[in-house]
Every structure is written in C-alpha cells, then in structure tokens.
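So the structure is just underneath, and the comments pick up after that.
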2 protein chains.
Amino acid sequence: MVTTSREHDVIQQVLTIFSAHLEKKGFRKTPERYAILEEIYKRSDHFDAEALYIHMKNRNYRVSRATVYNTLELLVTCELVKKHQFGKNLAQYEKSYGYKQHDHIICTNCGQVVEFCHHGVQQIKDLVGDYYDFQISHHALNLYGVCGPCRKELELGIVRKHPKVTEEESGWGE
Amino acid sequence: MVTTSREHDVIQQVLTIFSAHLEKKGFRKTPERYAILEEIYKRSDHFDAEALYIHMKNRNYRVSRATVYNTLELLVTCELVKKHQFGKNLAQYEKSYGYKQHDHIICTNCGQVVEFCHHGVQQIKDLVGDYYDFQISHHALNLYGVCGPCRKELELGIVRKHPKVTEEESGWGE
DNA sequence: CTTGGTGCAAACAATTTGCAAGCGC
DNA sequence: GCGCTTGCAAATTGTTTGCACCAAG
C-alpha cells in the first residue's frame, strides 16, 4: 500500500494538532508519540493495542507496550483517536480525525465491523440528555447481528468458536 | 428489603424459563445455577461478576467464581440476563426478564447508570440492518456525559479519580 | 541539568481453564 | 455409574506500574 498525497495531508494535519495539544498540556514531544500517531493514520479501521504494538515492532520501531497504551490514551483525550468496547474485554481503537461521526454494526460470528451513520442518533442524544439533565459528551451505538455471508455459513453448520481476526488477516502486515 | 409477592412471581417465572432452557439444551439443573438466578432477580440494577460472587458468599452460598461466570453466560444466552460493557474492562450485568428493552446513560464522573427508552432506536436498527444485510439480534446505545449533581461538583473543583461504586454503596450488602 | 518519558519486566485485574471430586440423570 | 459441573487454584489475557536510564526542554 502506497501513501497517497491525500493521506499525507491528513497525517500532517493530525501531527500538527497533536503537537499543539502536547504543547498546551506541557507534555514532551517524543519521536515515539509521533511515530505511533503516524502509524495509526497510515492504516485504517479498527485495531487493538496489541495489534498496534506488534505492527510497530514489525516496522522495526522500538516501542514498548507501555508507550503504546500511554500514547493511545493521549490521542483519545485530544480526540484524534476513538476507543471502543465492542462487547469483548478488548479495547478497540480507530483514528477519528476527518471522519464523520458514525456508529457500528458488529457481526457476532466473524467479528467484522461495519460503520454507519444515522441522524436519528443525535436527536435521541439531545432529547434524552435534556430530559435526564445529563451533559452528553459522546455515545456508542452498537448493533450486533450476523452478516449475510455468515448467515450462509451458519446454515451449512459451520460454527466459529473464536471470531478473532489476526494481524495478517486484518491488513496490518507488510 | 422484603421480597414482595410480585417479585416472588417473577422469580418463579424465570426459574421455570431457566429450567426449560436447561432441559432443552441438555444441561444439568444444579442448585448453584438456580441459586445464582434467584439472587440476581432478588436484587436490582447493574452489577459485575465479582459483586455477585461476593454477594453469594455473604449469603453463605458455596459458589466459586467459575460457576458464577459460567451461570451468567448461560443466563445471557437464554436472555434472562443482559451483559454490558460500559467502556471499562469490566462486564456489567442486569436482569432482563419482564423489563422493557432500554438503553443507558452513564455518568463519566460518578459512574451512575440511568436507563431510558426511545422508540427511535428500533427504527435505526431495522433500517440499518436491512441496508447492510445484517440480521440484528441486539444492540447497545450508551450515552456518556456528566449528570447534574456531578456538574456542580466539578464546578467546585472536586474531581473523582475512581468513579467506582462498592458492594455496600450499590445496595448489594445485607 | 532537571524531570518527564521510555523500555522492560513484574504486578494487576478480570476472566478462563485444568483437574480431582461430587452429584444429577 | 457415567460424565457434566463444581470448587479451587493456576493460567491467560489485557492493561498498568515500578524502576533505572535517556533525552526533551
């Protein structure tokens, strides 16, 4: 996969935003932090901390898990990355800059995650937040179900025990 | 707290349902399984596996954590209990029989969980499931924000580090 | 130079698993 | 009695922490 110029623009923008955030908060600008942010934005979709760690290792970056977790948290607080819990005890992350706010459908069989947008969610947030006197900052709407291909698999009696996608399969390898 | 006759009815119903489910699946009807289901339905609201385990211990029931987890999973599959992940790496459960389907608002400061209903969610499920060819079985809509009382606390500069509620505080004690 | 950030490994917390003993069928 | 379930403890998994060293400001 080649980095397109459009991607390059986005990466420059998020690096600038991150830099400003670090400065404002008085945090140091370390190469590790920028490297992690860059790798996240070079790739797409949903990943977990371990996959990112392995990916950095494969790229011959010297980063520790601790730094990955630390940086992910920083990126979440400055809203460049979103953190999700899709029902498993495994936090999933995704880049969020320049993305329209969206929600997720998760296939309970294969673990596939599909994004969707629906304006109705915002209405519910406003109405309900107002009614219960909560200042809503964010939300998560996850729909769980079985995708088309998996329904066929299941009809044939094929059952997957561990709907886990490995690094290679998820497109994070070289 | 005294067990009301209405509660008693519900408990009888869920025990019957659970019994039928165990039978259908060829699982054994052990006293532990019934005891756990009963304790869940005697109490209300959201709890985690450890709190339930401690609660059973306090009640002088001999159950192991393994059995608690095992039984919770059984109860989730037969839809007598719902499992949630409210952003922490800690599964929360709630009884679900006889409850209208609902969603949650979570206070990010104190951890309070409020339930709400909104018909709009069903529309979204139908529409989106149809569009992406997913057979949606369930969903989770969580709104995160700060509740009224906590907004006042925060204005005064009071910050809570660990919005965790203990067994006693959550009303599971004796 | 000061001190926050890092890598590493050990610590933790939630959950799962292996195994011998027990009890439902 | 057979073998699923249990209790217990040890193992796993995901994440956090302690500490000595390094490098950003």
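Chain lettering (A, B, ...) mirrors the order of the structure tokens, residue numbering begins at 1 for each chain separately, and ligand numbering begins at 1 in order of display.
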
Report as CSV the residues of chain C within 9 Å of chain B, each with its shortest atom pair and distance in Å (one decimal), using only C-alpha atoms (C1' of nucleotides), ordered by chain and increasing residue number.
```
residue,atom,partner,partner_atom,distance
C:DA14,C1',B:Leu90,CA,6.9
C:DT15,C1',B:Tyr69,CA,8.1
C:DT16,C1',B:Ala66,CA,8.1
C:DC23,C1',B:Thr30,CA,8.8
C:DG24,C1',B:Arg28,CA,6.4
C:DC25,C1',B:Arg28,CA,8.1
```

query = Would you list which chain A residues are within 10 Å of chain B using only C-alpha atoms, as a PyMOL selection string?
reply = chain A and resi 83-91+103-108+114-121+123-125+127-129+131-151

task = Just need the residues of chain D within 9 Å of chain B, counting only C-alpha atoms (C1' of nucleotides), so spit them out as a ChimeraX atom specification.
result = /D:4-8,14

query = Where does DSSP see strand (DSSP E) in chain A, if you list the residues as an NGL selection string?
reply = :A and (47-48 or 81-85 or 91-95 or 103-107 or 113-116 or 134-147)

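In this comparison, which uses only C-alpha atoms (C1' of nucleotides), the residue of A:Leu72, A:Ser19, A:Glu38, A:Pro31 approaching DA24 of chain D most closely is A:Pro31.
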
ask   = Quick one: DSSP alpha helix (DSSP H) residues in segment 70-170 of chain A, as a ChimeraX atom specification?
value = /A:70-77,120-131,148-155
